[in-house]
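Novice: Below is the file protein.cif, which contains mmCIF, C-alpha atoms.
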```
data_run
loop_
_atom_site.label_atom_id
_atom_site.label_comp_id
_atom_site.auth_asym_id
_atom_site.auth_seq_id
_atom_site.Cartn_x
_atom_site.Cartn_y
_atom_site.Cartn_z
CA MET F 88 0.00 0.00 0.00
CA TYR F 89 1.05 3.63 0.15
CA ASN F 90 1.27 6.22 2.88
CA LYS F 91 2.49 9.70 1.99
CA VAL F 92 2.15 13.13 3.58
CA ILE F 93 3.61 16.41 2.33
CA LEU F 94 3.27 19.54 4.46
CA ILE F 95 4.60 23.07 4.37
CA GLY F 96 4.38 24.98 7.61
CA ASN F 97 6.07 27.02 10.30
CA LEU F 98 7.66 25.68 13.47
CA THR F 99 5.70 26.72 16.54
CA LYS F 100 8.65 26.00 18.83
CA ASP F 101 12.31 25.06 18.71
CA PRO F 102 13.18 21.51 17.66
CA GLU F 103 13.65 18.97 20.45
CA LEU F 104 16.54 16.59 19.98
CA ARG F 105 16.75 13.37 21.97
CA TYR F 106 18.59 10.09 21.68
CA THR F 107 17.28 6.55 21.93
CA PRO F 108 19.03 4.20 24.41
CA GLN F 109 20.85 2.81 21.35
CA GLY F 110 22.15 6.30 20.56
CA THR F 111 19.99 7.06 17.54
CA PRO F 112 19.09 10.76 17.28
CA VAL F 113 15.37 11.63 17.17
CA CYS F 114 14.22 15.15 16.54
CA THR F 115 10.64 16.28 17.20
CA LEU F 116 9.24 19.33 15.44
CA ARG F 117 5.90 21.02 16.00
CA LEU F 118 4.50 22.29 12.73
CA ALA F 119 1.60 24.64 11.98
CA SER F 120 0.30 24.52 8.44
CA THR F 121 -2.42 26.97 7.40
CA THR F 122 -4.27 26.27 4.19
CA LYS F 123 -7.30 27.75 2.50
CA TYR F 124 -10.14 25.53 1.43
CA LYS F 125 -13.56 25.97 -0.05
CA SER F 126 -16.46 25.90 2.39
CA GLY F 127 -19.76 26.48 0.67
CA ASP F 128 -19.28 29.62 -1.39
CA SER F 129 -16.47 31.13 0.63
CA MET F 130 -12.88 30.25 1.40
CA LYS F 131 -11.88 29.25 4.91
CA ASP F 132 -8.55 29.04 6.68
CA ASP F 133 -7.69 25.85 8.48
CA THR F 134 -4.56 25.44 10.58
CA LEU F 135 -3.23 21.97 11.20
CA PHE F 136 -0.88 21.45 14.14
CA ILE F 137 1.10 18.26 13.98
CA ASN F 138 4.31 16.75 15.32
CA VAL F 139 7.01 15.72 12.89
CA ILE F 140 9.61 13.10 13.82
CA VAL F 141 12.99 13.09 12.09
CA TRP F 142 15.35 10.20 12.76
CA GLY F 143 19.10 9.83 12.50
CA LYS F 144 21.71 12.22 11.23
CA GLN F 145 19.03 14.30 9.58
CA GLY F 146 17.40 14.76 12.98
CA GLU F 147 20.59 16.32 14.29
CA THR F 148 20.95 18.55 11.23
CA VAL F 149 17.38 19.72 11.59
CA ALA F 150 17.82 20.44 15.32
CA GLN F 151 20.96 22.41 14.56
CA HIS F 152 19.60 24.64 11.82
CA LEU F 153 15.93 25.12 12.60
CA ALA F 154 14.22 27.25 15.21
CA LYS F 155 10.77 28.49 16.12
CA GLY F 156 9.17 30.46 13.29
CA ARG F 157 11.14 28.85 10.50
CA SER F 158 9.27 27.62 7.48
CA ILE F 159 9.88 24.07 6.23
CA LEU F 160 8.60 21.45 3.85
CA VAL F 161 8.34 17.93 5.23
CA GLU F 162 7.60 14.73 3.43
CA GLY F 163 6.98 11.38 5.11
CA ARG F 164 4.39 8.96 6.34
CA LEU F 165 1.51 9.37 8.73
CA GLN F 166 1.63 7.34 11.92
CA GLU F 167 -0.67 6.97 14.91
CA ARG F 168 1.05 6.40 18.22
CA ARG F 169 -1.04 4.89 21.03
CA TRP F 170 -0.37 4.72 24.73
CA GLU F 171 -2.20 4.53 28.01
CA SER F 172 -2.23 7.37 30.54
CA ASP F 173 -4.21 7.22 33.81
CA GLY F 174 -6.17 4.27 32.51
CA GLN F 175 -7.20 6.23 29.43
CA GLN F 176 -6.36 5.27 25.88
CA LYS F 177 -4.58 8.14 24.18
CA SER F 178 -3.40 8.47 20.65
CA LYS F 179 -1.57 10.98 18.56
CA PHE F 180 -1.02 11.33 14.85
CA GLU F 181 2.42 12.37 13.72
CA VAL F 182 4.47 12.53 10.57
CA VAL F 183 7.58 10.37 10.41
CA SER F 184 9.60 12.41 7.98
CA ASN F 185 12.30 11.28 5.59
CA VAL F 186 12.64 14.62 3.77
CA VAL F 187 12.94 18.01 5.44
CA ARG F 188 13.59 21.04 3.30
CA PHE F 189 14.34 24.43 4.81
CA LEU F 190 12.38 27.27 3.26
CA GLY F 191 12.93 31.00 3.64
CA ARG F 192 13.13 32.53 7.07
CA LYS F 193 10.00 34.10 8.43
CA ASP F 194 11.95 37.00 9.92
CA GLU F 195 14.29 37.44 7.00
CA GLY F 196 14.78 40.96 5.82
CA GLY F 197 17.17 43.81 6.48
CA GLN F 198 18.78 42.20 9.46
CA HIS F 199 20.64 39.60 7.48
CA GLU F 200 21.71 41.76 4.61
CA SER F 201 23.11 44.41 6.90
CA SER F 202 25.06 41.96 8.99
CA GLY F 203 27.52 41.59 6.15
CA ASP F 204 29.35 38.42 5.25
CA SER F 205 30.78 37.61 8.65
CA ASP F 206 28.43 34.69 8.81
CA PHE F 207 27.55 32.18 6.16
CA ALA F 208 24.44 33.68 4.60
CA PRO F 209 21.83 31.05 3.85
CA PRO F 210 20.38 31.12 0.34
CA GLU F 211 17.11 32.99 0.09
CA GLU F 212 14.90 30.32 -1.36
CA THR F 213 15.57 26.79 -0.22
CA THR F 214 18.28 24.89 1.53
CA ASP F 215 18.44 21.19 0.86
CA LEU F 216 19.49 18.76 3.51
CA GLU F 217 22.12 16.32 2.43
CA PRO F 218 20.76 12.82 2.04
CA PHE F 219 22.20 10.23 4.40
CA MET X 9 1.17 26.76 2.70
CA TYR X 10 0.61 23.22 1.60
CA ASN X 11 -1.13 20.21 3.10
CA LYS X 12 -1.33 17.03 1.04
CA VAL X 13 -1.96 13.41 1.99
CA ILE X 14 -2.03 10.43 -0.34
CA GLN X 15 -3.00 7.02 1.03
CA ILE X 16 -3.84 3.67 -0.48
CA GLY X 17 -5.73 1.37 1.85
CA ASN X 18 -8.59 -1.04 2.36
CA LEU X 19 -11.93 0.03 3.79
CA THR X 20 -12.51 -1.39 7.26
CA LYS X 21 -16.27 -0.91 6.98
CA ASP X 22 -18.90 0.22 4.52
CA PRO X 23 -19.04 3.96 3.77
CA ASP X 24 -21.58 5.96 5.73
CA LEU X 25 -23.49 8.47 3.59
CA ARG X 26 -25.28 11.43 5.11
CA TYR X 27 -26.52 14.82 3.95
CA THR X 28 -25.85 18.25 5.44
CA PRO X 29 -28.86 20.47 6.21
CA GLN X 30 -28.05 22.23 2.92
CA GLY X 31 -28.34 18.91 1.09
CA THR X 32 -24.65 18.33 0.39
CA PRO X 33 -23.77 14.62 0.43
CA VAL X 34 -21.04 13.62 2.92
CA ALA X 35 -19.50 10.16 3.00
CA ASN X 36 -17.38 8.87 5.88
CA PHE X 37 -15.27 5.76 5.82
CA ARG X 38 -12.16 4.38 7.41
CA ILE X 39 -9.17 2.89 5.65
CA ALA X 40 -6.39 0.63 6.89
CA VAL X 41 -3.04 1.37 5.28
CA THR X 42 -0.32 -1.22 5.83
CA THR X 43 3.22 -0.31 4.87
CA LYS X 44 6.64 -1.77 5.57
CA HIS X 45 9.23 0.22 7.47
CA LYS X 46 12.81 -0.27 8.38
CA SER X 47 13.11 -1.00 12.06
CA GLY X 48 16.65 -1.61 13.23
CA ASP X 49 18.05 -4.27 10.91
CA GLY X 50 14.75 -5.69 9.75
CA TYR X 51 11.48 -4.56 8.27
CA LYS X 52 8.27 -4.18 10.17
CA ASP X 53 4.68 -3.93 9.01
CA GLU X 54 2.79 -0.95 10.29
CA THR X 55 -0.92 -0.33 9.83
CA LEU X 56 -2.42 3.12 9.93
CA PHE X 57 -6.16 3.45 10.48
CA ILE X 58 -7.53 6.78 9.39
CA ASP X 59 -10.95 8.27 8.73
CA VAL X 60 -11.77 9.83 5.40
CA VAL X 61 -14.45 12.44 4.63
CA VAL X 62 -15.71 13.06 1.12
CA PHE X 63 -18.15 15.76 0.05
CA GLY X 64 -20.43 16.21 -2.91
CA LYS X 65 -21.22 13.91 -5.80
CA GLN X 66 -18.08 11.97 -5.11
CA ALA X 67 -19.48 11.05 -1.69
CA GLU X 68 -22.47 9.40 -3.34
CA ASN X 69 -20.21 7.51 -5.73
CA CYS X 70 -18.09 6.30 -2.83
CA SER X 71 -21.11 5.02 -0.96
CA GLN X 72 -22.36 3.32 -4.13
CA TYR X 73 -19.16 1.62 -5.26
CA LEU X 74 -17.00 1.22 -2.18
CA ALA X 75 -17.58 -1.33 0.55
CA LYS X 76 -15.76 -2.97 3.41
CA GLY X 77 -12.62 -4.68 2.12
CA LYS X 78 -12.41 -2.63 -1.08
CA LYS X 79 -9.23 -0.81 -1.92
CA ALA X 80 -9.12 2.94 -2.54
CA LEU X 81 -6.57 5.63 -3.25
CA VAL X 82 -7.42 8.75 -1.28
CA GLU X 83 -5.88 12.16 -1.91
CA GLY X 84 -6.66 15.22 0.15
CA ARG X 85 -5.68 17.32 3.11
CA LEU X 86 -5.13 16.38 6.72
CA GLN X 87 -7.47 17.99 9.23
CA GLU X 88 -7.89 17.79 12.97
CA ARG X 89 -11.47 18.15 14.09
CA LYS X 90 -12.05 19.25 17.69
CA TRP X 91 -15.18 19.13 19.79
CA GLU X 92 -16.26 18.89 23.39
CA SER X 93 -17.96 15.85 24.84
CA ASP X 94 -18.92 15.52 28.52
CA GLY X 95 -16.73 18.50 29.31
CA GLN X 96 -13.74 16.82 27.74
CA GLN X 97 -11.82 18.15 24.80
CA ARG X 98 -11.74 15.57 22.04
CA SER X 99 -10.13 15.61 18.67
CA LYS X 100 -9.85 13.42 15.65
CA MET X 101 -7.47 13.44 12.73
CA GLU X 102 -9.06 12.80 9.36
CA ILE X 103 -8.43 13.19 5.66
CA VAL X 104 -10.72 15.55 3.77
CA ALA X 105 -10.51 13.89 0.38
CA GLU X 106 -10.44 15.83 -2.86
CA SER X 107 -10.18 12.70 -4.91
CA VAL X 108 -10.99 9.05 -4.28
CA ARG X 109 -9.95 6.46 -6.79
CA PHE X 110 -11.42 2.97 -6.64
CA MET X 111 -8.86 0.24 -6.97
CA GLY X 112 -9.37 -3.38 -7.89
CA GLY X 113 -8.94 -6.27 -5.53
CA GLY X 114 -9.83 -6.46 -1.89
CA LYS X 115 -12.12 -8.87 -0.19
CA GLY X 116 -15.35 -7.21 -1.26
CA ASN X 117 -14.64 -7.84 -4.92
CA GLY X 118 -16.40 -11.14 -5.53
CA SER X 119 -19.81 -10.18 -4.23
CA THR X 120 -20.09 -6.81 -5.96
CA GLY X 121 -18.85 -8.28 -9.20
CA ALA X 122 -21.81 -10.65 -9.14
CA GLN X 123 -24.30 -7.92 -8.26
CA HIS X 124 -23.43 -5.58 -11.08
CA SER X 125 -24.76 -7.58 -13.97
CA GLU X 126 -25.57 -4.54 -16.12
CA GLU X 127 -22.14 -3.02 -15.99
CA THR X 128 -18.94 -4.90 -15.37
CA VAL X 129 -16.53 -3.04 -13.15
CA PRO X 130 -13.03 -2.78 -14.64
CA GLU X 131 -10.50 -4.88 -12.76
CA GLU X 132 -7.78 -2.32 -12.21
CA SER X 133 -9.14 1.03 -11.24
CA THR X 134 -12.25 3.11 -11.76
CA GLU X 135 -11.81 6.83 -11.74
CA LEU X 136 -14.42 9.11 -10.32
CA GLU X 137 -15.57 11.94 -12.51
CA PRO X 138 -14.43 15.32 -11.23
CA PHE X 139 -17.18 17.63 -10.12
#
```
Could you spell out this file's structure in structure tokens?
Specialist:
Amino acid sequence: MYNKVILIGNLTKDPELRYTPQGTPVCTLRLASTTKYKSGDSMKDDTLFINVIVWGKQGETVAQHLAKGRSILVEGRLQERRWESDGQQKSKFEVVSNVVRFLGRKDEGGQHESSGDSDFAPPEETTDLEPF
Amino acid sequence: MYNKVIQIGNLTKDPDLRYTPQGTPVANFRIAVTTKHKSGDGYKDETLFIDVVVFGKQAENCSQYLAKGKKALVEGRLQERKWESDGQQRSKMEIVAESVRFMGGGKGNGSTGAQHSEETVPEESTELEPF
């Protein structure tokens, strides 16, 4: 079968990087994606909040370069995680991502241009992660 | 921004067709999507169960041609619906489908094939007309 999700959104908080007991990096991102859709005769905004999980080396790269407010494209599969808390069944949908692409900064503008070339200036449009 | 989901799965029950107060058809069904994933050194099967909502003419077609066990390709956007029940906040993730494509195979195939004497359903896939 086939399970694919592609989302573009902004990070609502900084990435959280953790490691499994085996030492594998896992990065969790919180994404907000606002899209317009038709509702009757008018257009409506809908914002989806969802967690994105990035494993391995890419997880570390993502944690290093991303921060709250940044805009990204993620591609991966949808997964439902279930657990029990206080005798209640809980579940959460999340995206297990194999592609994360950095899009332009939300706060980009004069600040970066005026800061000169002391720092490596990220390209304006997209920054590709290296595959691993 | 952009919000796109594409899933191929089998229906876990028959579609449920209802109408909004304005008369718009709405079909609800649930699909099970099993995919293989790398887990450590081996591969593991993982099954996602997710609800699908379809509006309009396509909803009627889904309720007519899809049934438990049938396979469908669903394309749409991911949405979280929230409501309150008994003072508790509840939410549900679902796919609002723009397009549903009927795919051959699945357990429900034999019985429907026999029922539709006037029009044989193509084996591979039947596309819904856009509306």
Novice: Evaluate the PyMOL selection byres ((chain F) within 12 of (chain X)) on the structure here and hand back the selected residues as a ChimeraX atom specification.
Specialist: /F:88-97,107,109,111,118-127,132-137,142-143,158-169,177-183,185,190
Novice: Rank nothing, just name the residue among X:Arg109, X:Arg98, X:Arg26, X:Arg38 nearest to Val60 (chain X), using all atoms listed in the file.
Specialist: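 Closest candidate: X:Arg38.
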Novice: Provide the CA of Asn138 (chain F) to CA of Lys155 (chain F) distance in Å, to one decimal place.
Specialist: 13.4 Å
Novice: Take CA of Pro112 (chain F) and CA of Gly146 (chain F) and report the distance between them in Å, one decimal.
Specialist: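 CA of Pro112 (chain F) sits 6.1 Å away from CA of Gly146 (chain F).
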Novice: Can you work out the spacing between CA of Ile103 (chain X) and CA of Asn69 (chain X) in Å, to one decimal?
Specialist: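 Going from CA of Ile103 (chain X) over to CA of Asn69 (chain X) covers 17.3 Å.
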Novice: Write out as a ChimeraX atom specification each polymer residue whose atoms come within 10 Å of Asp24 (chain X), counting all atoms listed in the file; drop sequence neighbours fewer than 5 positions from it.
Specialist: /X:34-38,61,67-68,70-71,75
